[in-house]
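What follows is the content of run.cif, which has mmCIF, C-alpha atoms:
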data_start
loop_
_atom_site.label_atom_id
_atom_site.label_comp_id
_atom_site.auth_asym_id
_atom_site.auth_seq_id
_atom_site.Cartn_x
_atom_site.Cartn_y
_atom_site.Cartn_z
CA MET A 117 80.10 2.93 84.61
CA THR A 118 80.85 4.62 87.89
CA ASN A 119 84.20 2.92 87.77
CA ILE A 120 84.90 4.38 84.33
CA ILE A 121 83.96 7.82 85.58
CA THR A 122 86.24 7.37 88.58
CA LYS A 123 89.05 6.32 86.28
CA LEU A 124 88.46 9.29 83.98
CA ALA A 125 88.40 11.61 86.97
CA ALA A 126 91.60 10.08 88.29
CA THR A 127 93.26 10.47 84.89
CA ALA A 128 92.12 14.06 84.73
CA ALA A 129 93.48 14.65 88.23
CA ILE A 130 96.85 13.25 87.26
CA THR A 131 96.97 15.27 84.04
CA LEU A 132 96.08 18.37 86.01
CA ALA A 133 98.69 17.58 88.64
CA MET A 134 101.31 17.20 85.92
CA ALA A 135 100.21 20.39 84.19
CA THR A 136 100.65 22.40 87.38
CA PRO A 137 103.84 21.18 89.01
CA SER A 138 104.20 22.19 92.63
CA ILE A 139 102.93 25.78 92.41
CA ALA A 140 100.58 25.37 95.30
CA ALA A 141 98.77 28.57 96.14
CA ASN A 142 98.00 27.60 99.71
CA PRO A 143 100.89 28.74 101.95
CA ALA A 144 100.64 25.73 104.27
CA ILE A 145 100.82 23.31 101.34
CA LYS A 146 103.69 25.34 99.88
CA ALA A 147 105.58 25.17 103.18
CA ARG A 148 105.24 21.42 103.63
CA GLN A 149 106.15 20.73 100.01
CA ALA A 150 109.23 22.90 100.50
CA LEU A 151 110.07 20.89 103.61
CA MET A 152 109.79 17.68 101.56
CA GLN A 153 112.28 19.22 99.12
CA ILE A 154 114.69 19.80 102.00
CA TYR A 155 114.32 16.12 102.92
CA VAL A 156 114.89 15.04 99.33
CA PHE A 157 117.92 17.27 98.80
CA ASN A 158 119.71 15.97 101.87
CA ILE A 159 118.74 12.34 101.29
CA SER A 160 120.04 12.64 97.73
CA GLN A 161 123.47 13.67 99.11
CA LEU A 162 123.50 10.56 101.28
CA GLY A 163 122.09 8.37 98.52
CA ALA A 164 124.69 9.43 95.98
CA MET A 165 127.42 8.31 98.38
CA ALA A 166 125.57 5.10 99.23
CA LYS A 167 125.32 4.25 95.53
CA GLY A 168 128.96 5.13 94.90
CA VAL A 169 128.03 7.88 92.44
CA VAL A 170 129.88 10.36 94.67
CA ALA A 171 132.93 9.52 96.81
CA TYR A 172 132.18 9.08 100.50
CA ASP A 173 132.93 12.21 102.53
CA SER A 174 132.41 11.88 106.26
CA ALA A 175 131.86 15.61 106.90
CA ALA A 176 129.44 16.05 104.00
CA ALA A 177 127.51 12.95 105.03
CA THR A 178 127.21 14.17 108.62
CA ALA A 179 126.05 17.60 107.45
CA ALA A 180 123.36 16.12 105.19
CA ALA A 181 122.15 13.70 107.86
CA ASN A 182 122.02 16.46 110.48
CA ASN A 183 120.04 18.70 108.13
CA LEU A 184 117.60 15.90 107.49
CA LEU A 185 117.19 15.24 111.20
CA ALA A 186 116.66 18.96 111.88
CA ALA A 187 114.01 19.17 109.15
CA ALA A 188 112.26 16.01 110.33
CA THR A 189 112.20 17.28 113.92
CA MET A 190 110.55 20.58 112.96
CA ASP A 191 107.08 21.16 114.40
CA GLN A 192 104.86 20.85 111.35
CA SER A 193 101.45 21.20 112.99
CA ALA A 194 100.65 24.54 111.35
CA MET A 195 101.62 23.17 107.93
CA TRP A 196 98.77 20.67 107.93
CA PRO A 197 95.56 22.63 108.57
CA GLN A 198 92.18 20.94 108.16
CA GLY A 199 90.83 21.23 104.62
CA THR A 200 94.19 20.96 102.86
CA ASP A 201 93.76 17.38 101.63
CA ASN A 202 93.74 16.34 97.99
CA GLU A 203 89.95 16.33 97.81
CA ALA A 204 89.49 19.84 99.18
CA MET A 205 92.56 21.21 97.37
CA PHE A 206 92.24 19.26 94.13
CA GLY A 207 95.43 19.26 92.08
CA GLU A 208 97.51 21.11 94.65
CA THR A 209 98.44 18.32 96.98
CA ALA A 210 98.71 14.54 97.19
CA ALA A 211 97.88 14.56 100.92
CA LEU A 212 95.04 12.10 101.55
CA PRO A 213 92.14 12.98 103.88
CA ALA A 214 93.22 9.97 106.02
CA ILE A 215 95.90 12.22 107.53
CA TRP A 216 93.15 14.07 109.35
CA THR A 217 90.53 11.35 109.71
CA THR A 218 92.94 8.89 111.33
CA TYR A 219 94.91 11.43 113.36
CA PRO A 220 97.19 10.86 115.32
CA ALA A 221 98.33 7.88 113.20
CA VAL A 222 100.30 10.25 110.97
CA ALA A 223 102.08 11.76 113.97
CA GLU A 224 103.31 8.28 114.92
CA LYS A 225 104.76 7.93 111.43
CA GLY A 226 106.40 11.31 111.84
CA LYS A 227 108.04 10.14 115.06
CA ALA A 228 109.25 7.02 113.29
CA LEU A 229 110.89 9.21 110.64
CA VAL A 230 112.66 11.26 113.34
CA GLU A 231 113.97 8.01 114.81
CA VAL A 232 115.44 6.67 111.58
CA ALA A 233 116.80 10.12 110.65
CA GLY A 234 118.47 10.17 114.09
CA ALA A 235 119.92 6.73 113.46
CA MET A 236 121.32 7.96 110.15
CA ALA A 237 122.76 11.11 111.75
CA ALA A 238 124.47 8.94 114.37
CA VAL A 239 126.34 6.80 111.82
CA ALA A 240 126.58 8.82 108.58
CA GLY A 241 130.02 10.16 109.55
CA THR A 242 131.42 6.79 110.65
CA ASP A 243 132.07 5.16 107.30
CA LEU A 244 130.43 4.29 103.99
CA ALA A 245 129.22 0.86 105.11
CA SER A 246 127.41 2.38 108.12
CA LEU A 247 125.76 4.99 105.90
CA GLN A 248 124.67 2.32 103.42
CA GLY A 249 123.34 0.22 106.26
CA ALA A 250 121.09 3.04 107.46
CA MET A 251 119.57 3.85 104.05
CA GLY A 252 117.00 1.05 104.07
CA ALA A 253 115.47 2.09 107.38
CA LEU A 254 115.49 5.71 106.27
CA GLY A 255 113.52 4.75 103.17
CA GLY A 256 111.12 2.88 105.42
CA GLY A 257 110.67 6.08 107.45
CA CYS A 258 109.61 7.96 104.32
CA GLY A 259 107.45 5.08 103.17
CA GLY A 260 105.64 5.01 106.51
CA CYS A 261 103.66 8.09 105.55
CA HIS A 262 103.69 7.61 101.80
CA LYS A 263 102.12 4.18 102.08
CA GLN A 264 98.97 5.36 103.78
CA PHE A 265 98.75 9.08 103.47
CA ARG A 266 99.83 10.06 99.98
CA GLN A 267 97.84 9.66 96.79
CA PRO A 268 99.87 7.12 94.79
CA LYS A 269 101.42 8.66 91.73
CA ASP A 270 102.73 7.16 88.55
CA MET B 202 70.59 -32.46 74.27
CA LEU B 203 73.18 -30.19 72.69
CA GLY B 204 73.02 -28.00 75.75
CA LEU B 205 73.60 -30.97 77.97
CA ALA B 206 76.63 -32.04 75.91
CA GLY B 207 77.98 -28.52 76.02
CA PHE B 208 77.53 -28.47 79.76
CA ALA B 209 79.32 -31.81 80.07
CA ILE B 210 82.28 -30.47 78.08
CA PHE B 211 82.35 -27.33 80.22
CA TRP B 212 82.22 -29.44 83.38
CA VAL B 213 85.09 -31.67 82.27
CA LEU B 214 87.25 -28.76 81.09
CA THR B 215 86.79 -26.81 84.26
CA VAL B 216 87.74 -29.52 86.76
CA PRO B 217 90.04 -27.86 89.30
CA LYS B 218 93.59 -29.19 88.86
CA THR B 219 95.63 -30.88 91.56
CA HIS B 220 99.13 -32.25 91.83
CA GLY B 221 99.55 -35.96 91.08
CA ALA B 222 99.75 -38.39 93.99
CA THR B 223 103.53 -38.72 93.75
CA ALA B 224 104.47 -35.11 93.02
CA LEU B 225 105.16 -34.23 96.64
CA LEU B 226 106.78 -37.47 97.73
CA GLY B 227 110.03 -37.02 99.60
CA LEU B 228 109.61 -33.26 100.04
CA SER B 229 110.19 -32.04 103.55
CA GLY B 230 110.16 -28.30 103.92
CA ASN B 231 112.74 -26.12 105.61
CA ALA B 232 111.09 -23.31 107.57
CA ASP B 233 114.13 -21.01 107.46
CA LYS B 234 114.25 -21.18 103.69
CA GLY B 235 110.48 -20.80 103.70
CA ALA B 236 110.85 -17.42 105.42
CA LEU B 237 112.63 -16.13 102.31
CA VAL B 238 109.97 -17.59 100.01
CA PHE B 239 107.37 -15.88 102.20
CA ALA B 240 109.11 -12.52 101.74
CA ALA B 241 109.69 -12.98 98.02
CA ALA B 242 106.12 -14.13 97.39
CA GLY B 243 104.75 -11.21 99.41
CA CYS B 244 102.14 -13.24 101.33
CA ALA B 245 101.94 -10.68 104.14
CA SER B 246 101.08 -7.83 101.75
CA CYS B 247 97.59 -9.25 101.31
CA HIS B 248 97.03 -11.68 104.17
CA ALA B 249 98.29 -9.62 107.13
CA ALA B 250 95.89 -7.05 108.53
CA LYS B 251 95.97 -3.65 106.85
CA ASP B 252 98.73 -1.44 108.29
CA ALA B 253 100.21 -4.35 110.25
CA LYS B 254 103.83 -3.65 111.10
CA GLU B 255 106.89 -5.75 111.78
CA THR B 256 106.00 -8.94 113.68
CA ASP B 257 102.26 -8.28 113.19
CA ARG B 258 102.88 -8.89 109.49
CA LEU B 259 103.36 -12.53 110.41
CA ILE B 260 99.75 -12.84 111.63
CA LEU B 261 98.01 -13.88 108.43
CA SER B 262 94.50 -13.18 109.71
CA GLY B 263 93.22 -11.88 106.36
CA GLY B 264 90.28 -9.51 106.08
CA ARG B 265 91.86 -6.90 103.86
CA ALA B 266 89.54 -5.73 101.05
CA PHE B 267 90.53 -5.75 97.38
CA PRO B 268 88.02 -3.87 95.24
CA SER B 269 88.01 -4.78 91.54
CA ASP B 270 85.83 -4.51 88.45
CA PHE B 271 84.28 -7.87 89.43
CA GLY B 272 83.43 -7.16 93.05
CA THR B 273 85.32 -6.89 96.31
CA PHE B 274 87.55 -9.73 97.41
CA TYR B 275 88.53 -10.23 101.04
CA ALA B 276 91.83 -11.91 101.84
CA PRO B 277 91.16 -15.10 103.81
CA ASN B 278 92.74 -16.10 107.09
CA ILE B 279 95.69 -18.34 106.17
CA SER B 280 97.22 -18.50 109.64
CA PRO B 281 97.66 -21.99 111.15
CA ASP B 282 94.43 -21.69 113.14
CA THR B 283 92.64 -25.03 112.76
CA GLU B 284 89.15 -23.52 112.64
CA HIS B 285 89.45 -20.17 110.86
CA GLY B 286 92.80 -20.57 109.16
CA ILE B 287 94.50 -23.36 107.25
CA GLY B 288 95.93 -25.24 110.23
CA THR B 289 94.42 -28.56 109.12
CA TRP B 290 95.80 -28.42 105.58
CA THR B 291 98.24 -31.04 104.35
CA LEU B 292 101.22 -30.08 102.21
CA ALA B 293 99.37 -31.48 99.18
CA GLN B 294 96.34 -29.27 99.86
CA PHE B 295 98.59 -26.27 100.35
CA ALA B 296 100.49 -26.99 97.14
CA ASN B 297 97.27 -27.41 95.15
CA ALA B 298 96.11 -24.01 96.37
CA VAL B 299 99.40 -22.28 95.57
CA SER B 300 100.13 -23.96 92.22
CA PHE B 301 96.65 -24.23 90.76
CA GLY B 302 94.29 -22.08 92.82
CA THR B 303 92.41 -25.21 93.86
CA SER B 304 90.90 -25.43 97.35
CA PRO B 305 91.00 -28.57 99.55
CA THR B 306 87.32 -29.13 98.68
CA GLY B 307 88.12 -29.00 94.96
CA LYS B 308 86.85 -25.48 94.20
CA HIS B 309 88.52 -22.76 92.18
CA TYR B 310 89.95 -19.79 94.04
CA TYR B 311 89.56 -16.37 92.46
CA PRO B 312 92.70 -15.14 90.71
CA ALA B 313 92.99 -12.26 93.19
CA PHE B 314 95.14 -14.96 94.78
CA PRO B 315 98.10 -14.78 92.38
CA TYR B 316 98.40 -18.49 91.57
CA SER B 317 98.83 -17.47 87.95
CA THR B 318 102.31 -16.42 89.12
CA TYR B 319 102.80 -19.09 91.79
CA GLN B 320 102.12 -21.86 89.21
CA ASN B 321 105.78 -21.33 88.24
CA MET B 322 107.05 -21.97 91.76
CA GLU B 323 109.15 -25.07 92.42
CA LEU B 324 107.47 -27.61 94.67
CA ALA B 325 110.50 -27.55 96.96
CA ASP B 326 109.90 -23.83 97.58
CA ILE B 327 106.21 -24.49 98.26
CA ALA B 328 107.21 -27.18 100.77
CA ASP B 329 109.58 -24.71 102.47
CA LEU B 330 106.82 -22.11 102.57
CA TYR B 331 104.42 -24.67 104.04
CA ALA B 332 106.97 -25.50 106.76
CA TYR B 333 107.36 -21.79 107.54
CA PHE B 334 103.58 -21.27 107.71
CA GLN B 335 103.40 -23.85 110.52
CA THR B 336 105.68 -21.64 112.65
CA LEU B 337 103.48 -18.53 112.35
CA PRO B 338 101.00 -17.39 115.00
CA ALA B 339 97.40 -18.59 114.69
CA SER B 340 94.59 -16.07 114.42
CA ALA B 341 90.93 -16.82 115.19
CA GLU B 342 89.71 -14.05 112.88
CA PRO B 343 86.73 -15.49 110.94
CA ALA B 344 86.98 -15.39 107.14
CA LYS B 345 84.89 -12.74 105.40
CA PRO B 346 82.95 -13.86 102.30
CA HIS B 347 83.82 -12.13 99.02
CA ALA B 348 81.29 -9.55 97.81
CA VAL B 349 81.23 -10.73 94.21
CA PRO B 350 77.96 -10.45 92.27
CA PHE B 351 76.52 -12.75 89.58
CA PRO B 352 77.87 -14.01 87.19
CA PHE B 353 81.34 -13.80 88.71
CA ASN B 354 80.21 -15.73 91.76
CA ILE B 355 79.98 -18.96 89.72
CA ARG B 356 83.30 -20.40 90.72
CA ARG B 357 83.21 -23.22 88.21
CA SER B 358 83.55 -20.69 85.40
CA LEU B 359 86.95 -19.77 86.82
CA GLY B 360 88.11 -23.06 85.30
CA MET B 361 87.42 -21.46 81.90
CA TRP B 362 89.22 -18.30 83.05
CA LYS B 363 92.25 -20.38 83.95
CA ILE B 364 92.24 -22.15 80.56
CA LEU B 365 91.77 -19.05 78.45
CA LEU B 366 93.32 -16.20 80.38
CA MET B 367 95.98 -17.52 82.67
CA PRO B 368 99.51 -17.31 81.21
CA LYS B 369 101.15 -20.70 80.79
CA GLY B 370 104.57 -20.97 82.38
CA PHE B 371 107.19 -18.25 82.28
CA HIS B 372 106.81 -15.21 80.06
CA LEU B 373 110.44 -14.38 79.29
CA PRO B 374 111.98 -17.26 77.30
CA GLU B 375 114.83 -19.06 79.03
CA THR B 376 117.17 -19.09 76.03
CA GLY B 377 120.20 -16.87 76.45
CA LEU B 378 119.48 -15.86 80.04
CA THR B 379 122.37 -15.79 82.49
CA GLU B 380 122.08 -17.52 85.84
CA VAL B 381 121.42 -14.17 87.52
CA GLU B 382 118.72 -13.28 84.98
CA LEU B 383 117.12 -16.67 85.48
CA ARG B 384 117.03 -16.09 89.24
CA GLY B 385 115.50 -12.68 88.53
CA ARG B 386 112.92 -14.27 86.28
CA TYR B 387 112.03 -16.73 89.03
CA LEU B 388 111.74 -13.97 91.64
CA VAL B 389 109.56 -11.81 89.38
CA GLU B 390 107.51 -14.40 87.49
CA ALA B 391 107.15 -17.21 90.05
CA MET B 392 107.16 -15.47 93.43
CA GLY B 393 107.12 -11.68 93.41
CA HIS B 394 104.00 -11.43 91.22
CA CYS B 395 105.10 -7.99 89.96
CA THR B 396 103.07 -8.61 86.83
CA GLU B 397 99.78 -8.88 88.72
CA CYS B 398 99.82 -5.09 89.08
CA HIS B 399 102.42 -3.90 86.56
CA THR B 400 100.82 -5.61 83.55
CA SER B 401 97.44 -4.26 82.48
CA ARG B 402 94.38 -6.50 82.17
CA ASN B 403 91.64 -7.01 79.60
CA PHE B 404 87.92 -6.70 80.34
CA LEU B 405 87.84 -10.26 81.69
CA GLY B 406 90.67 -9.63 84.09
CA GLY B 407 93.24 -11.55 82.03
CA LEU B 408 96.78 -10.20 81.81
CA ARG B 409 97.58 -8.47 78.53
CA THR B 410 100.86 -10.33 78.23
CA ASP B 411 101.91 -8.41 75.10
CA HIS B 412 102.15 -5.40 77.43
CA TRP B 413 104.29 -7.27 79.97
CA LEU B 414 105.20 -5.03 82.93
CA ALA B 415 104.44 -1.89 80.91
CA GLY B 416 102.04 -0.54 83.52
CA GLY B 417 98.56 0.84 82.97
CA PRO B 418 95.53 1.93 84.93
CA ASN B 419 95.27 0.90 88.57
CA SER B 420 92.55 -1.75 88.94
CA ASP B 421 91.37 -0.22 92.21
CA GLY B 422 90.62 2.95 90.24
CA LYS B 423 93.16 5.29 91.81
CA GLY B 424 95.99 6.69 89.71
CA SER B 425 97.99 4.47 87.42
CA ILE B 426 100.62 1.76 87.67
CA PRO B 427 104.15 2.58 86.48
CA ASN B 428 105.79 1.03 83.45
CA ILE B 429 108.82 -0.93 84.72
CA THR B 430 110.21 -2.04 81.36
CA PRO B 431 113.47 -0.50 80.06
CA HIS B 432 111.46 1.89 77.85
CA LYS B 433 111.76 5.66 78.01
CA GLN B 434 108.25 5.72 79.50
CA GLY B 435 109.46 3.14 81.98
CA ILE B 436 112.73 2.83 83.88
CA LYS B 437 115.19 2.98 80.98
CA SER B 438 117.19 5.68 82.76
CA TRP B 439 117.58 3.57 85.93
CA ALA B 440 120.97 1.91 86.37
CA GLU B 441 121.19 -1.47 88.11
CA ILE B 442 122.17 0.27 91.36
CA ASP B 443 119.07 2.50 91.07
CA ILE B 444 116.77 -0.54 90.87
CA VAL B 445 118.64 -2.25 93.72
CA THR B 446 118.38 0.90 95.85
CA TYR B 447 114.68 1.19 95.12
CA LEU B 448 114.10 -2.42 96.16
CA ASN B 449 116.12 -2.22 99.38
CA SER B 450 115.12 1.26 100.53
CA GLY B 451 112.19 2.50 98.43
CA PHE B 452 114.15 5.49 97.14
CA THR B 453 113.75 6.34 93.46
CA PRO B 454 116.71 7.90 91.58
CA GLU B 455 115.12 11.28 92.45
CA TYR B 456 114.93 10.25 96.13
CA ASP B 457 111.21 10.25 96.17
CA SER B 458 110.09 7.19 98.12
CA ALA B 459 107.81 4.30 97.28
CA GLY B 460 104.23 4.79 98.37
CA GLY B 461 100.97 2.87 98.39
CA ALA B 462 101.15 -0.88 97.84
CA MET B 463 104.73 -0.63 96.60
CA ALA B 464 105.92 0.54 100.04
CA GLU B 465 104.80 -2.86 101.34
CA VAL B 466 106.62 -4.64 98.55
CA VAL B 467 109.78 -2.82 99.61
CA GLU B 468 109.21 -4.02 103.19
CA ASN B 469 109.10 -7.60 101.88
CA MET B 470 112.15 -7.08 99.68
CA ALA B 471 114.19 -5.95 102.69
CA HIS B 472 114.20 -9.59 103.86
CA LEU B 473 115.86 -10.85 100.68
CA PRO B 474 119.64 -10.99 100.20
CA PRO B 475 121.29 -8.27 98.04
CA GLU B 476 121.97 -10.84 95.27
CA ASP B 477 118.23 -11.24 94.83
CA HIS B 478 117.76 -7.49 94.41
CA LYS B 479 120.48 -7.58 91.75
CA ALA B 480 118.79 -10.52 90.07
CA ILE B 481 115.48 -8.65 89.86
CA ALA B 482 117.33 -5.64 88.44
CA ALA B 483 119.00 -7.87 85.84
CA TYR B 484 115.63 -9.29 84.83
CA LEU B 485 114.00 -5.87 84.56
CA GLN B 486 116.83 -4.68 82.34
CA LYS B 487 116.46 -7.80 80.17
CA ILE B 488 112.73 -7.68 79.35
CA PRO B 489 111.62 -5.97 76.11
CA PRO B 490 111.09 -2.21 76.40
CA LEU B 491 107.42 -1.43 75.80
CA PRO B 492 105.41 1.79 75.80
CA LYS B 493 102.56 2.20 78.21
CA PRO B 494 99.40 0.66 76.67
#
Would you mind writing the file out in structure tokens?
Amino acid sequence: MTNIITKLAATAAITLAMATPSIAANPAIKARQALMQIYVFNISQLGAMAKGVVAYDSAAATAAANNLLAAATMDQSAMWPQGTDNEAMFGETAALPAIWTTYPAVAEKGKALVEVAGAMAAVAGTDLASLQGAMGALGGGCGGCHKQFRQPKD
Amino acid sequence: MLGLAGFAIFWVLTVPKTHGATALLGLSGNADKGALVFAAAGCASCHAAKDAKETDRLILSGGRAFPSDFGTFYAPNISPDTEHGIGTWTLAQFANAVSFGTSPTGKHYYPAFPYSTYQNMELADIADLYAYFQTLPASAEPAKPHAVPFPFNIRRSLGMWKILLMPKGFHLPETGLTEVELRGRYLVEAMGHCTECHTSRNFLGGLRTDHWLAGGPNSDGKGSIPNITPHKQGIKSWAEIDIVTYLNSGFTPEYDSAGGAMAEVVENMAHLPPEDHKAIAAYLQKIPPLPKP
């Protein structure tokens, strides 16, 4: 029975999350979600070239990779205040309480992202094969946090 | 008397299966090939310690908890430790476990161990996997007993579960499949055990095979599992390159990245050659499009 209630609650949470897309009221949550959008935008430039959807352009690839590295290197400490997890801020964020309860594990993952973003920035301008070769590790850098610290979504 | 007869029938039906005496004759595993089977079958995702990274994912010490509607299962230590792991197992014992979910002492394993998928694995691949297992580091981590309450703790009844609820053989019929699609089918339905999460289950924990890979609620109670059929509620809009990219990097077509358990699957997939990613993509584009149940 408890399980059914949990499932119902989870379904309700998802429905709520879908009904209110990314209009977080909390400024810290808003800032970090915006930062994620900066990641996504620049990775999508690189990804489109890696997939061959867009022709490879050395300068554009370098610019996107440098932007990503700059964003990943930003000091985010003020964007993650205590009490902004998905239990306290229901429906506004997918950030799991584990970010705070297992700190500094998340900071290690952040460092790992900076490393792989740096590796991408170092080779993105070389040629298409080098860019493609760095995509997997970059994805792993994103997954490092998303595996443990983000509420899985459908 | 009738009860006794019924019990006798139950007892005979539920005998744990094993390979015949000659099935494994002449098989000598290749550890290098076994490394690829290990990645494709995702052994580390359950049997390595939680949050283990890189080479630590090769220490199959077990201990990770899997909550379900039937209780909490703990992954056993399957490292080659002779006391706490499976270091004393013969190839035959290993193959019986992988193919049939039968332990060396002739007991049924719980289907949290995805033998319902591995039953489709070729014995040569199991032999390669066995050879690879011998090269992995031993761990002296003691096994943790499952926390499974009555009546699900009666292991013999799992024989009935296997008869009634375990799919028999491959799901997607072989007819008309290209070589690449067949390889994809093997990766998905014999090794990758995608269906163990991506197909929903009935109240007895059996796969609802008429909803094959169409997603559903997450059995651990959090969120839901995506539909990965070529349906508009699934991944119809994903091109082959999108699926390949997701498997080798975790990036979705929107450049979100895989999270939760799927992030670990992507880590395993990174060890497979690009042709295998393409084969999985071909399979996923071949299966019938189905709405979410």
Rank A:Asn142, A:Thr242, A:Asn158, A:Thr200 by their smallest atom-to-atom distance to chain B, using all atoms listed in the file, and report the top residue only.
A:Asn158
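Among the candidates B:Ile481, B:Cys244, B:Ala462, B:Ala249, the residue lying nearest to Ser340 of chain B is B:Ala249 (atoms considered: only C-alpha atoms).
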Quick one: residues within 7 Å of segment 426-442 of chain B, all atoms listed in the file, excluding same-chain residues fewer than 4 positions away - as a PyMOL selection string?
(chain A and resi 167+270) or (chain B and resi 399+414-419+446+482+485-486+488-493)
Write down, as a ChimeraX atom specification, each residue of chain B that has any atom within 6 Å of an atom of chain A, counting all atoms listed in the file.
/B:422,424-427,449-451,456,459-461,464
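Nearest residue to Arg409 of chain B among B:Glu380, B:Leu261, B:Thr283, B:His372 is B:His372, counting only C-alpha atoms.
Going from atom CA of Thr219 of chain B to atom CA of Arg356 of chain B covers 16.2 Å.
Distance-wise, atom CA of Ala339 of chain B and atom CA of Ile279 of chain B end up 8.7 Å apart.
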What's the 12 Å shell around Lys146 of chain A, counting only C-alpha atoms, without same-chain residues fewer than 2 positions away, as JSON, numbers by chain?
{"A": [137, 138, 139, 140, 141, 142, 143, 144, 148, 149, 150, 151, 152, 153, 194, 195, 196, 200, 208, 209]}
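For the file shown, the residue list from the PyMOL selection byres ((chain B and resi 252-259) around 10) reads Gly260, Lys263 and Gln264 of chain A; Phe239, Cys244, Ala245, Ser246, Cys247, His248, Ala249, Ala250, Lys251, Ile260, Leu261, Ser262, Arg265, Ser280, Phe334, Thr336, Leu337, Pro338, Ala339, Glu465, Glu468 and Asn469 of chain B.
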Determine, counting only C-alpha atoms, which protein, DNA and RNA residues have an atom within 12 Å of an atom of Phe314 of chain B; residues of the same chain fewer than 6 positions away are not included. Present the result as a ChimeraX atom specification.
/B:242-244,246-248,267,274-277,279,298-304,320,394,397
Can I get the selection written as a short mmCIF file (atom, residue, chain, number, x, y, z; two decimals), keeping the file's coordinate frame, with C-alpha atoms?
data_model
loop_
_atom_site.label_atom_id
_atom_site.label_comp_id
_atom_site.auth_asym_id
_atom_site.auth_seq_id
_atom_site.Cartn_x
_atom_site.Cartn_y
_atom_site.Cartn_z
CA ALA B 242 106.12 -14.13 97.39
CA GLY B 243 104.75 -11.21 99.41
CA CYS B 244 102.14 -13.24 101.33
CA SER B 246 101.08 -7.83 101.75
CA CYS B 247 97.59 -9.25 101.31
CA HIS B 248 97.03 -11.68 104.17
CA PHE B 267 90.53 -5.75 97.38
CA PHE B 274 87.55 -9.73 97.41
CA TYR B 275 88.53 -10.23 101.04
CA ALA B 276 91.83 -11.91 101.84
CA PRO B 277 91.16 -15.10 103.81
CA ILE B 279 95.69 -18.34 106.17
CA ALA B 298 96.11 -24.01 96.37
CA VAL B 299 99.40 -22.28 95.57
CA SER B 300 100.13 -23.96 92.22
CA PHE B 301 96.65 -24.23 90.76
CA GLY B 302 94.29 -22.08 92.82
CA THR B 303 92.41 -25.21 93.86
CA SER B 304 90.90 -25.43 97.35
CA GLN B 320 102.12 -21.86 89.21
CA HIS B 394 104.00 -11.43 91.22
CA GLU B 397 99.78 -8.88 88.72
#
Work out how far apart atom CA of Leu366 of chain B and atom CA of Pro268 of chain B are and give it in Å to one decimal.
20.0 Å
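Of the residues under consideration (A:Asn202, A:Asn182, A:Thr217, A:Ser193), A:Asn182 shows the shortest atom-to-atom contact distance to Val232 of chain A when counting all atoms listed in the file.
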Counting all atoms listed in the file, which of A:Gly234, A:Ala221, A:Ala228, A:Ser246 gets nearest to Ala186 of chain A?
A:Gly234
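The shortest atom-to-atom distance to His412 of chain B, with all atoms listed in the file taken into account, belongs to B:Pro494 out of B:Pro352, B:Pro494, B:Gly307, B:Gly370.
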